[in-house]
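**Q** Below is upload.cif; it holds mmCIF, C-alpha atoms.
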```
data_coords
#
loop_
_atom_site.label_atom_id
_atom_site.label_comp_id
_atom_site.auth_asym_id
_atom_site.auth_seq_id
_atom_site.Cartn_x
_atom_site.Cartn_y
_atom_site.Cartn_z
CA MET M 38 0.00 0.00 0.00
CA ASP M 39 2.84 2.40 0.89
CA VAL M 40 4.44 1.76 -2.51
CA LEU M 41 1.16 2.50 -4.30
CA ILE M 42 0.71 5.72 -2.31
CA SER M 43 4.27 6.77 -3.17
CA ILE M 44 3.77 6.06 -6.89
CA ALA M 45 0.42 7.89 -6.95
CA ALA M 46 1.84 10.88 -5.06
CA LEU M 47 4.91 10.97 -7.32
CA SER M 48 2.70 10.94 -10.42
CA LEU M 49 0.54 13.74 -9.06
CA VAL M 50 3.45 15.94 -7.94
CA LEU M 51 5.54 15.53 -11.09
CA GLY M 52 2.46 15.78 -13.29
CA VAL M 53 1.51 19.13 -11.78
CA VAL M 54 5.06 20.53 -11.63
CA VAL M 55 6.03 19.58 -15.20
CA SER M 56 2.66 20.49 -16.72
CA VAL M 57 2.79 23.95 -15.13
CA HIS M 58 6.32 24.29 -16.50
CA GLU M 59 5.16 23.35 -20.00
CA PHE M 60 2.13 25.65 -19.68
CA GLY M 61 4.58 28.53 -19.27
CA HIS M 62 6.13 27.67 -22.63
CA LEU M 63 2.67 27.37 -24.17
CA ILE M 64 1.27 30.75 -23.12
CA VAL M 65 4.37 32.73 -24.14
CA ALA M 66 4.70 30.80 -27.43
CA LYS M 67 1.08 31.65 -28.26
CA LEU M 68 1.71 35.26 -27.21
CA PHE M 69 4.46 35.50 -29.85
CA GLY M 70 2.41 33.69 -32.49
CA VAL M 71 4.25 30.36 -32.47
CA ARG M 72 2.08 27.45 -33.62
CA VAL M 73 1.55 25.12 -30.65
CA LEU M 74 0.76 21.60 -31.87
CA THR M 75 0.28 19.68 -28.62
CA PHE M 76 -0.04 20.29 -24.90
CA SER M 77 -0.04 17.02 -22.98
CA PHE M 78 -0.45 16.12 -19.32
CA GLY M 79 1.63 12.93 -19.24
CA PHE M 80 3.55 11.02 -21.89
CA GLY M 81 2.81 8.20 -24.29
CA LYS M 82 -0.52 7.23 -25.82
CA ARG M 83 -3.25 9.87 -25.93
CA LEU M 84 -6.14 8.86 -23.66
CA ILE M 85 -8.57 11.77 -23.84
CA GLY M 86 -8.45 15.38 -24.94
CA PHE M 87 -9.84 18.07 -27.16
CA ARG M 88 -8.68 20.37 -29.90
CA LEU M 89 -8.91 24.10 -29.39
CA GLY M 90 -7.88 25.99 -32.48
CA GLU M 91 -4.66 24.41 -33.78
CA THR M 92 -3.60 22.88 -30.44
CA ASP M 93 -4.41 19.37 -29.21
CA TYR M 94 -4.87 19.42 -25.43
CA ARG M 95 -4.60 15.88 -24.09
CA ILE M 96 -4.12 13.58 -21.14
CA SER M 97 -1.67 10.79 -21.96
CA LEU M 98 -1.04 7.34 -20.56
CA VAL M 99 2.04 7.90 -18.37
CA PRO M 100 1.31 10.72 -15.87
CA LEU M 101 4.94 11.45 -14.95
CA GLY M 102 5.10 15.01 -16.27
CA GLY M 103 4.00 16.37 -19.62
CA TYR M 104 5.18 18.24 -22.69
CA VAL M 105 4.37 20.94 -25.20
CA SER M 106 5.14 20.53 -28.91
CA LEU M 107 5.92 23.66 -30.95
CA SER M 108 6.05 23.86 -34.73
CA GLY M 109 9.67 23.94 -35.96
CA GLU M 110 11.01 23.47 -32.47
CA ASN M 111 13.87 21.05 -33.17
CA PRO M 112 16.88 21.44 -35.48
CA GLY M 113 15.93 20.46 -39.01
CA ASP M 114 12.16 20.58 -38.31
CA SER M 115 11.59 24.12 -39.54
CA SER M 116 9.25 24.37 -42.53
CA GLY M 117 10.08 27.99 -43.26
CA ASP M 118 6.70 29.09 -41.88
CA ASP M 119 6.96 32.39 -40.00
CA ARG M 120 5.02 30.74 -37.16
CA ASP M 121 7.72 28.15 -36.55
CA PHE M 122 9.62 28.47 -33.28
CA THR M 123 12.96 28.78 -35.11
CA SER M 124 11.55 31.53 -37.34
CA LYS M 125 11.01 33.86 -34.40
CA PRO M 126 13.61 36.41 -33.23
CA ARG M 127 16.08 35.00 -30.76
CA TRP M 128 14.90 37.24 -27.93
CA GLN M 129 11.40 35.83 -28.30
CA ARG M 130 12.74 32.28 -28.26
CA VAL M 131 14.69 33.08 -25.09
CA LEU M 132 11.52 34.33 -23.39
CA ILE M 133 9.55 31.27 -24.50
CA LEU M 134 12.23 29.01 -23.02
CA PHE M 135 12.53 31.10 -19.84
CA ALA M 136 8.76 30.99 -19.28
CA GLY M 137 8.87 27.33 -18.20
CA PRO M 138 11.23 27.77 -15.22
CA ALA M 139 9.51 31.08 -14.40
CA MET M 140 6.18 29.27 -14.08
CA ASN M 141 7.80 26.81 -11.67
CA GLY M 142 8.78 29.74 -9.46
CA ILE M 143 5.29 31.24 -9.75
CA LEU M 144 3.74 27.87 -8.80
CA ALA M 145 5.87 27.74 -5.64
CA ILE M 146 4.86 31.29 -4.69
CA VAL M 147 1.18 30.51 -5.27
CA ILE M 148 1.35 27.32 -3.17
CA PHE M 149 3.20 28.93 -0.27
CA SER M 150 0.88 31.97 -0.36
CA ALA M 151 -2.22 29.74 -0.38
CA ILE M 152 -0.89 27.77 2.61
CA PHE M 153 -0.19 30.99 4.54
CA MET M 154 -3.74 32.23 3.85
CA ALA M 155 -5.64 28.97 4.41
CA VAL M 156 -3.59 27.31 7.16
CA GLY M 157 -1.29 30.03 8.43
CA GLN M 158 2.39 30.77 8.84
CA THR M 159 4.14 28.74 11.53
CA GLN M 160 5.24 30.91 14.42
CA ALA M 161 6.92 29.97 17.68
CA THR M 162 7.70 31.88 20.86
CA HIS M 163 11.01 30.07 21.25
CA PHE M 164 13.03 27.19 19.87
CA VAL M 165 14.11 25.23 22.94
CA VAL M 166 17.07 22.84 23.24
CA GLU M 167 15.51 19.38 23.55
CA LYS M 168 18.53 17.07 23.36
CA ILE M 169 22.31 17.29 23.35
CA GLU M 170 24.71 14.61 22.10
CA PRO M 171 27.63 13.72 24.41
CA ASP M 172 31.02 15.20 23.45
CA SER M 173 29.38 17.33 20.74
CA PRO M 174 30.12 21.02 20.12
CA ALA M 175 26.85 21.85 21.92
CA SER M 176 27.89 19.81 24.98
CA ILE M 177 31.44 21.19 25.05
CA SER M 178 30.20 24.81 24.79
CA ASP M 179 27.88 24.25 27.81
CA LEU M 180 24.63 24.51 25.86
CA ARG M 181 21.96 22.97 28.11
CA ILE M 182 18.59 21.31 27.68
CA GLY M 183 15.90 23.91 28.20
CA ASP M 184 17.96 26.82 26.80
CA LYS M 185 15.89 29.01 24.50
CA LEU M 186 17.46 30.09 21.20
CA GLN M 187 17.22 33.85 20.71
CA THR M 188 19.60 34.70 17.85
CA ALA M 189 22.09 32.92 15.62
CA GLY M 190 24.85 34.92 13.97
CA GLY M 191 23.03 38.05 15.13
CA ARG M 192 19.77 37.06 13.36
CA PRO M 193 16.58 36.66 15.45
CA VAL M 194 14.79 33.31 15.62
CA GLY M 195 11.00 33.38 15.95
CA SER M 196 9.51 31.71 12.89
CA LEU M 197 9.96 28.49 10.96
CA LYS M 198 11.71 30.34 8.13
CA GLN M 199 14.12 31.97 10.59
CA TYR M 200 14.77 28.57 12.19
CA LEU M 201 15.56 27.12 8.74
CA GLN M 202 18.01 29.99 8.28
CA VAL M 203 19.65 29.01 11.58
CA ILE M 204 20.06 25.42 10.36
CA GLN M 205 21.57 26.77 7.13
CA TYR M 206 23.89 29.06 9.13
CA ILE M 207 25.13 26.10 11.17
CA GLU M 208 25.48 23.75 8.19
CA ASN M 209 27.36 26.37 6.17
CA ASN M 210 30.03 26.76 8.87
CA PRO M 211 31.67 23.39 9.51
CA ASP M 212 34.92 23.82 11.46
CA SER M 213 34.24 27.57 11.81
CA PRO M 214 33.13 29.36 15.01
CA ILE M 215 29.47 30.42 15.18
CA SER M 216 27.65 32.58 17.72
CA LEU M 217 24.35 31.77 19.40
CA GLU M 218 22.46 33.85 21.94
CA ILE M 219 20.30 31.79 24.27
CA LEU M 220 17.98 32.57 27.16
CA ARG M 221 18.60 30.47 30.27
CA GLY M 222 15.83 31.27 32.69
CA ASN M 223 15.73 35.05 32.41
CA GLU M 224 19.45 35.42 31.69
CA PRO M 225 20.68 36.01 28.11
CA ILE M 226 23.92 34.15 27.39
CA ASP M 227 26.23 34.33 24.37
CA ILE M 228 27.72 31.02 23.29
CA ILE M 229 30.49 30.45 20.76
CA MET M 230 30.95 26.97 19.32
CA THR M 231 32.53 25.31 16.29
CA PRO M 232 30.25 22.87 14.41
CA ASP M 233 31.65 19.45 13.53
CA ASN M 234 32.16 18.68 9.86
CA ARG M 235 29.90 15.76 8.91
CA ASP M 236 29.87 15.06 5.17
CA GLY M 237 30.54 18.72 4.46
CA LYS M 238 27.77 20.02 6.74
CA GLY M 239 28.18 21.74 10.08
CA LYS M 240 26.56 19.90 13.00
CA ILE M 241 26.47 21.01 16.64
CA GLY M 242 24.88 17.87 18.12
CA ALA M 243 21.79 19.57 19.52
CA GLY M 244 18.09 19.16 18.78
CA PHE M 245 15.57 21.98 19.13
CA ASN M 246 11.83 21.90 19.67
CA ALA M 247 9.43 24.78 19.07
CA SER M 248 7.57 26.08 22.11
CA ASP M 249 4.13 27.69 21.82
CA LEU M 250 3.90 26.58 18.18
CA ARG M 251 0.99 28.28 16.43
CA LYS M 252 -0.37 29.11 13.00
CA GLU M 253 -1.01 32.72 12.07
CA ARG M 254 -3.21 33.21 9.01
CA LEU M 255 -2.11 36.00 6.71
CA GLY M 256 -4.06 38.29 4.42
CA PRO M 257 -3.52 38.07 0.63
CA ILE M 258 -0.84 40.77 0.44
CA SER M 259 1.14 39.51 3.45
CA ALA M 260 0.76 35.90 2.26
CA PHE M 261 2.06 36.81 -1.20
CA ARG M 262 4.99 38.70 0.31
CA GLU M 263 5.90 35.81 2.62
CA GLY M 264 5.33 33.25 -0.15
CA THR M 265 7.69 35.16 -2.43
CA SER M 266 10.24 35.49 0.37
CA LEU M 267 10.12 31.77 1.18
CA THR M 268 10.47 30.85 -2.49
CA SER M 269 13.50 33.16 -2.79
CA PHE M 270 14.98 31.57 0.32
CA PHE M 271 14.70 28.06 -1.12
CA VAL M 272 16.06 29.20 -4.50
CA LYS M 273 19.11 30.63 -2.76
CA LEU M 274 19.46 27.54 -0.54
CA THR M 275 19.26 25.20 -3.54
CA LEU M 276 21.86 27.13 -5.54
CA GLU M 277 24.21 27.30 -2.55
CA SER M 278 23.84 23.55 -1.93
CA VAL M 279 24.62 22.71 -5.57
CA GLY M 280 27.63 25.02 -5.46
CA GLU M 281 28.93 23.36 -2.30
CA VAL M 282 28.55 19.89 -3.85
CA ILE M 283 30.49 21.03 -6.93
CA LEU M 284 33.23 22.48 -4.71
CA GLY M 285 33.36 19.31 -2.62
CA LYS M 286 32.11 21.01 0.55
CA ARG M 287 28.91 18.97 0.76
CA SER M 288 28.06 15.33 0.10
CA ALA M 289 25.92 14.72 -3.00
CA LYS M 290 24.33 11.78 -1.15
CA ASN M 291 22.81 14.18 1.39
CA SER M 292 21.89 16.89 -1.12
CA PHE M 293 20.22 15.30 -4.17
CA ALA M 294 17.33 12.93 -4.72
CA GLY M 295 16.34 10.98 -7.82
CA PRO M 296 13.01 9.39 -8.71
CA ILE M 297 13.24 6.84 -5.90
CA GLY M 298 13.95 9.52 -3.31
CA ILE M 299 11.25 11.83 -4.68
CA ALA M 300 8.72 8.98 -4.68
CA SER M 301 9.57 8.20 -1.05
CA MET M 302 9.25 11.86 -0.04
CA SER M 303 5.99 12.20 -1.98
CA GLY M 304 4.49 9.15 -0.29
CA SER M 305 5.57 10.40 3.13
CA ALA M 306 4.14 13.86 2.46
CA ALA M 307 0.87 12.40 1.15
CA SER M 308 0.46 10.37 4.36
CA GLN M 309 0.87 13.58 6.38
CA GLY M 310 -1.88 15.41 4.54
CA ILE M 311 -2.55 17.85 1.74
CA VAL M 312 -0.52 20.71 3.25
CA ALA M 313 2.66 18.62 3.44
CA LEU M 314 2.12 17.36 -0.12
CA LEU M 315 1.57 20.91 -1.38
CA GLY M 316 4.73 22.09 0.38
CA LEU M 317 6.74 19.29 -1.22
CA THR M 318 5.23 20.16 -4.61
CA ALA M 319 6.43 23.75 -4.19
CA LEU M 320 9.96 22.59 -3.29
CA ILE M 321 10.14 20.18 -6.22
CA SER M 322 8.80 22.90 -8.52
CA ILE M 323 11.67 25.16 -7.43
CA SER M 324 14.20 22.38 -8.04
CA VAL M 325 12.78 21.52 -11.49
CA GLY M 326 12.76 25.18 -12.53
CA LEU M 327 16.33 25.77 -11.39
CA ALA M 328 17.63 22.55 -12.96
CA ASN M 329 16.05 23.47 -16.29
CA LEU M 330 17.34 27.03 -16.17
CA VAL M 331 20.81 26.71 -14.67
CA LEU M 332 22.24 23.43 -15.97
CA PRO M 333 24.12 24.08 -19.26
CA ILE M 334 22.74 20.95 -20.93
CA PRO M 335 21.67 21.61 -24.56
CA ILE M 336 18.25 19.88 -24.43
CA LEU M 337 17.20 21.74 -21.26
CA ASP M 338 15.77 25.27 -21.32
CA GLY M 339 18.91 26.80 -19.84
CA GLY M 340 21.19 25.04 -22.31
CA LYS M 341 19.05 26.21 -25.23
CA ILE M 342 19.12 29.77 -23.86
CA TYR M 343 22.93 29.67 -23.61
CA ILE M 344 23.07 28.51 -27.24
CA LEU M 345 20.80 31.36 -28.32
CA PHE M 346 22.98 33.86 -26.44
CA ALA M 347 26.04 32.42 -28.21
CA GLU M 348 24.25 32.84 -31.55
CA MET M 349 23.42 36.46 -30.63
CA ILE M 350 27.09 37.13 -29.97
CA ARG M 351 28.27 35.52 -33.22
CA ARG M 352 25.24 36.99 -35.08
CA LYS M 353 24.35 33.79 -36.88
CA ASP M 354 22.82 30.41 -36.11
CA PHE M 355 24.84 27.31 -35.50
CA SER M 356 24.58 24.86 -38.37
CA ALA M 357 21.99 22.06 -38.22
CA ARG M 358 24.86 19.58 -37.86
CA ILE M 359 26.27 21.34 -34.80
CA GLN M 360 22.81 21.68 -33.25
CA GLN M 361 22.17 17.97 -33.74
CA ARG M 362 25.50 17.15 -32.10
CA LEU M 363 24.61 19.44 -29.19
CA ALA M 364 21.25 17.69 -28.84
CA ILE M 365 22.93 14.26 -28.78
CA THR M 366 25.42 15.53 -26.19
CA GLY M 367 22.51 16.81 -24.11
CA LEU M 368 20.79 13.42 -24.21
CA ILE M 369 24.00 11.70 -23.09
CA LEU M 370 24.45 14.18 -20.22
CA ILE M 371 20.83 13.76 -19.11
CA ALA M 372 21.22 9.98 -19.16
CA ALA M 373 24.41 10.29 -17.12
CA LEU M 374 22.76 12.66 -14.65
CA PHE M 375 19.81 10.29 -14.30
CA ALA M 376 22.19 7.41 -13.61
CA VAL M 377 23.99 9.47 -10.95
CA VAL M 378 20.81 10.40 -9.05
CA ILE M 379 19.58 6.79 -9.22
CA TYR M 380 22.93 5.71 -7.75
CA ILE M 381 22.56 8.35 -5.01
CA ASP M 382 19.06 7.07 -4.23
CA LEU M 383 20.32 3.50 -3.98
CA MET M 384 23.28 4.49 -1.80
CA ARG M 385 20.87 6.26 0.54
CA ILE M 386 18.57 3.25 1.02
CA MET M 387 21.05 0.37 0.81
CA PRO M 388 22.40 -0.90 4.16
CA PHE M 389 26.04 -0.53 3.15
#
```
Just give me the structure of the file as structure tokens.
**A**
Amino acid sequence: MDVLISIAALSLVLGVVVSVHEFGHLIVAKLFGVRVLTFSFGFGKRLIGFRLGETDYRISLVPLGGYVSLSGENPGDSSGDDRDFTSKPRWQRVLILFAGPAMNGILAIVIFSAIFMAVGQTQATHFVVEKIEPDSPASISDLRIGDKLQTAGGRPVGSLKQYLQVIQYIENNPDSPISLEILRGNEPIDIIMTPDNRDGKGKIGAGFNASDLRKERLGPISAFREGTSLTSFFVKLTLESVGEVILGKRSAKNSFAGPIGIASMSGSAASQGIVALLGLTALISISVGLANLVLPIPILDGGKIYILFAEMIRRKDFSARIQQRLAITGLILIAALFAVVIYIDLMRIMPF
């Protein structure tokens, strides 16, 4: 049953995230007059759908994502029609490609904002030390159970987002001194400690629990502002994590997840309720948008944008032969990346 829940949740999350991404391409392509042939929720055989104008809107057999098909989209497919994708000015093609990742960011903002309005933003009076590991930096620095965290690195701690920033502050400073201000009884105390380096992440060996945890519902404007802020925070966190993995400061095993890991997280979130599943959807949407935009792989949006920028600089298109070679290279890189994340998933769950 757990496996079925995980598969169903994975299909739903990826279906929504990828379809919203593709919808971004669709609306901007139509805005610039590109002929859109197909918009599909899912892959494979067409199950049901309808035709609106020149576009076939469909639901397909395999619900793991979706796609949009543009006239003249691929190298060698152009018919010379001025409504082909490749017939449009490069700046328009860049915006069409950028629209997909942008929609992923918008989806995350909408989800977070909706949660803040409907359920509320998590607030806490204090984050209290609940456990301390023996011989850990927390133990050595005389942090005690019951101490209330006030600030970390000079930044106040009173909300879930601020607490996540504290965790990031600690993890980003392995083997480097950090400062915490705690409240012990009524006495404020400054504590300096040096987090241990565990797989590239700073750890202090202490667990915190929120006291007086509550939900505070926000109005539309405040919810949108906080939703945008939280999305920006996770964008920054994701980019920093990827950078640290590339530089060898963080373990890839603890930073990335492939389809097995995402399925497991989706199933776990689904069992916790709709809010947890929506939150995970927002996080995956951010990751999908960034991966498509930042990775310089030719068949991804970002790779195609880099190629268009290169063509702008040289003031002419790459030949069809070069574009085909770039596309093949992109497929090889995607296959390699997929193999790596599968390996990471297996390393995470295997007992060795």
**Q** Report, in Å to a single decimal, how far apart atom CA of Leu47 of chain M and atom CA of Ser106 of chain M are.
**A**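 Distance reported for this atom pair: 23.6 Å.
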**Q** Translate the PyMOL selection byres ((chain M and resi 53) around 12) into a concrete residue list for this structure, as a PyMOL selection string.
**A** chain M and resi 46-52+54-60+77-79+100-104+140-141+144-145+148+314-315+317-319+321-322+325
**Q** When the PyMOL selection byres ((chain M and resi 98) around 10) is applied to the structure above, which residues does it catch, written out as a PyMOL selection string?
**A** chain M and resi 78-85+95-97+99-101
**Q** Edge lengths and centre in Å to one decimal, as AutoDock Vina command-line options, is what I'm after for the box along x, y and z that holds all listed atoms of segment 144-156 of chain M once 3 Å is added on each side.
**A**
```
--center_x 0.1 --center_y 29.8 --center_z -0.8 --size_x 17.5 --size_y 10.9 --size_z 22.0
```
**Q** Neighbours of Glu167 of chain M within 10 Å (only C-alpha atoms; same-chain residues fewer than 2 positions away dropped), as a list in words?
**A** Phe164, Val165, Ile169, Arg181, Ile182, Gly183, Asp184, Lys185, Ala243, Gly244, Phe245, Asn246 and Ala247 of chain M
**Q** Counting only C-alpha atoms, figure out which residue out of M:Gly239, M:Gly61, M:Phe76, M:Phe87 gets nearest to Ser173 of chain M.
**A**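 Looking at the shortest contact to Ser173 of chain M, the residue is M:Gly239.
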**Q** Hey, could you make a per-residue contact list for segment 44-132 of chain M against segment 343-350 of chain M with 12 Å as the cut-off, showing the nearest pair of atoms and its distance in Å to one decimal, counting only C-alpha atoms, sorted by chain and number, as a Markdown table?
**A**
```
| residue | atom | partner | partner_atom | distance |
| --- | --- | --- | --- | --- |
| M:Thr123 | CA | M:Leu345 | CA | 10.7 |
| M:Lys125 | CA | M:Leu345 | CA | 11.8 |
| M:Pro126 | CA | M:Leu345 | CA | 10.1 |
| M:Arg127 | CA | M:Leu345 | CA | 6.4 |
| M:Trp128 | CA | M:Leu345 | CA | 8.3 |
| M:Gln129 | CA | M:Leu345 | CA | 10.4 |
| M:Arg130 | CA | M:Leu345 | CA | 8.1 |
| M:Val131 | CA | M:Leu345 | CA | 7.1 |
| M:Leu132 | CA | M:Leu345 | CA | 10.9 |
```
**Q** Show which residues sit within 9 Å of Arg192 of chain M, as a PyMOL selection string. Count all atoms listed in the file, and ignore same-chain residues fewer than 5 positions away.
**A** chain M and resi 187+199+202-203
**Q** Can you work out the spacing between atom CA of Ala66 of chain M and atom CA of Val105 of chain M in Å, to one decimal?
**A** 10.1 Å
**Q** Enumerate, as a list of chain:residue names, the residues matched when the PyMOL selection byres ((chain M and resi 209) around 10) is run on the file above.
**A**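 Those residues are M:Val203, M:Ile204, M:Gln205, M:Tyr206, M:Ile207, M:Glu208, M:Asn210, M:Pro211, M:Asp212, M:Ser213, M:Pro232, M:Asn234, M:Gly237, M:Lys238, M:Gly239, M:Lys240, M:Glu277, M:Ser278, M:Glu281, M:Lys286, M:Arg287.
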**Q** Using Å and a single decimal, report how far atom CA of Gly109 of chain M sits from atom CA of Phe122 of chain M.
**A**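 Rounded to one decimal, the two atoms are 5.3 Å apart.
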**Q** Could you pull the residues within 12 Å of Leu89 of chain M, counting only C-alpha atoms, minus those fewer than 3 positions along the same chain, as a list in words?
**A**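 Residues meeting the cut-off are Val73, Leu74, Thr75, Phe76, Gly86, Thr92, Asp93, Tyr94 and Arg95 of chain M.
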**Q** M:Leu320, M:Ile215, M:Leu63, M:Ile241: which is nearest Asp172 of chain M, counting all atoms listed in the file?
**A**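 Closest residue, counting all atoms listed in the file: M:Ile241.
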**Q** Have a look at M:Val147, M:Leu107, M:Val166, M:Ile177 and name the one nearest to Glu263 of chain M; count only C-alpha atoms.
**A**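 Going through M:Val147, M:Leu107, M:Val166, M:Ile177 one by one, the smallest distance to Glu263 of chain M is for M:Val147.
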**Q** Between M:Ile228, M:Ala372, M:Ala139, M:Ile311, which residue has the minimum interatomic distance to Asp338 of chain M, considering all atoms listed in the file?
**A**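 Comparing M:Ile228, M:Ala372, M:Ala139, M:Ile311 against Asp338 of chain M, the winner is M:Ala139.
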**Q** Taking into account all atoms listed in the file, which residue in the set M:Leu332, M:Ala313, M:Leu197, M:Leu186 is nearest to Glu218 of chain M?
**A** M:Leu186
**Q** For Pro138 of chain M, which residue among M:Val279, M:Ala260, M:Met230, M:His62 is the nearest when counting all atoms listed in the file?
**A** M:His62
**Q** Tell me which protein, DNA and RNA residues are within 10 Å of Phe261 of chain M, counting all atoms listed in the file, leaving out same-chain ones fewer than 6 positions away, and put them as a PDB file with C-alpha atoms, in the frame of the given file.
**A**
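Output file out-v4.pdb follows:
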```pdb
ATOM      1  CA  ILE M 146       4.860  31.290  -4.690  1.00  0.00           C
ATOM      2  CA  VAL M 147       1.180  30.510  -5.270  1.00  0.00           C
ATOM      3  CA  ILE M 148       1.350  27.320  -3.170  1.00  0.00           C
ATOM      4  CA  PHE M 149       3.200  28.930  -0.270  1.00  0.00           C
ATOM      5  CA  SER M 150       0.880  31.970  -0.360  1.00  0.00           C
ATOM      6  CA  ALA M 151      -2.220  29.740  -0.380  1.00  0.00           C
ATOM      7  CA  PHE M 153      -0.190  30.990   4.540  1.00  0.00           C
ATOM      8  CA  MET M 154      -3.740  32.230   3.850  1.00  0.00           C
ATOM      9  CA  LEU M 255      -2.110  36.000   6.710  1.00  0.00           C
ATOM     10  CA  LEU M 267      10.120  31.770   1.180  1.00  0.00           C
TER      11      LEU M 267
END
```
**Q** Which polymer residues, protein or nucleic acid, are no farther than 9 Å from (14.5, 25.9, -3.2), counting only C-alpha atoms, as a list of chain:residue names?
**A** M:Leu267, M:Thr268, M:Ser269, M:Phe270, M:Phe271, M:Val272, M:Lys273, M:Leu274, M:Thr275, M:Leu276, M:Ala319, M:Leu320, M:Ile321, M:Ser322, M:Ile323, M:Ser324, M:Leu327
**Q** Could you give me, as a compact mmCIF listing (two decimals) with C-alpha atoms, in the coordinates of the input, the residues within 6 Å of Leu217 of chain M, counting all atoms listed in the file and dropping anything in the same chain fewer than 2 positions from it?
**A**
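Once everything was written out, this is selection18.txt:
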```txt
# COMPACT_ATOMS: atom_id res chain seq x y z
CA THR M 188 19.60 34.70 17.85
CA ALA M 189 22.09 32.92 15.62
CA ASP M 227 26.23 34.33 24.37
CA ILE M 228 27.72 31.02 23.29
```
**Q** Restricted to N, CA and C atoms, what does segment 135-146 of chain M look like when written out as a short mmCIF file (atom, residue, chain, number, x, y, z; two decimals), in the first residue's frame?
**A**
```cif
data_model
loop_
_atom_site.label_atom_id
_atom_site.label_comp_id
_atom_site.auth_asym_id
_atom_site.auth_seq_id
_atom_site.Cartn_x
_atom_site.Cartn_y
_atom_site.Cartn_z
N PHE M 135 12.45 30.65 -21.23
CA PHE M 135 12.53 31.10 -19.84
C PHE M 135 11.19 30.96 -19.12
N ALA M 136 10.10 31.01 -19.88
CA ALA M 136 8.76 30.99 -19.28
C ALA M 136 8.49 29.70 -18.49
N GLY M 137 9.08 28.58 -18.92
CA GLY M 137 8.87 27.33 -18.20
C GLY M 137 9.40 27.38 -16.77
N PRO M 138 10.71 27.64 -16.58
CA PRO M 138 11.23 27.77 -15.22
C PRO M 138 10.55 28.89 -14.42
N ALA M 139 10.19 29.99 -15.10
CA ALA M 139 9.51 31.08 -14.40
C ALA M 139 8.18 30.61 -13.82
N MET M 140 7.45 29.79 -14.57
CA MET M 140 6.18 29.27 -14.08
C MET M 140 6.38 28.35 -12.88
N ASN M 141 7.51 27.63 -12.84
CA ASN M 141 7.80 26.81 -11.67
C ASN M 141 7.96 27.68 -10.42
N GLY M 142 8.64 28.82 -10.59
CA GLY M 142 8.78 29.74 -9.46
C GLY M 142 7.44 30.32 -9.05
N ILE M 143 6.61 30.69 -10.04
CA ILE M 143 5.29 31.24 -9.75
C ILE M 143 4.43 30.21 -9.03
N LEU M 144 4.50 28.93 -9.46
CA LEU M 144 3.74 27.87 -8.80
C LEU M 144 4.13 27.77 -7.33
N ALA M 145 5.42 27.81 -7.03
CA ALA M 145 5.87 27.74 -5.64
C ALA M 145 5.33 28.91 -4.82
N ILE M 146 5.39 30.11 -5.39
CA ILE M 146 4.86 31.29 -4.69
C ILE M 146 3.37 31.14 -4.42
#
```
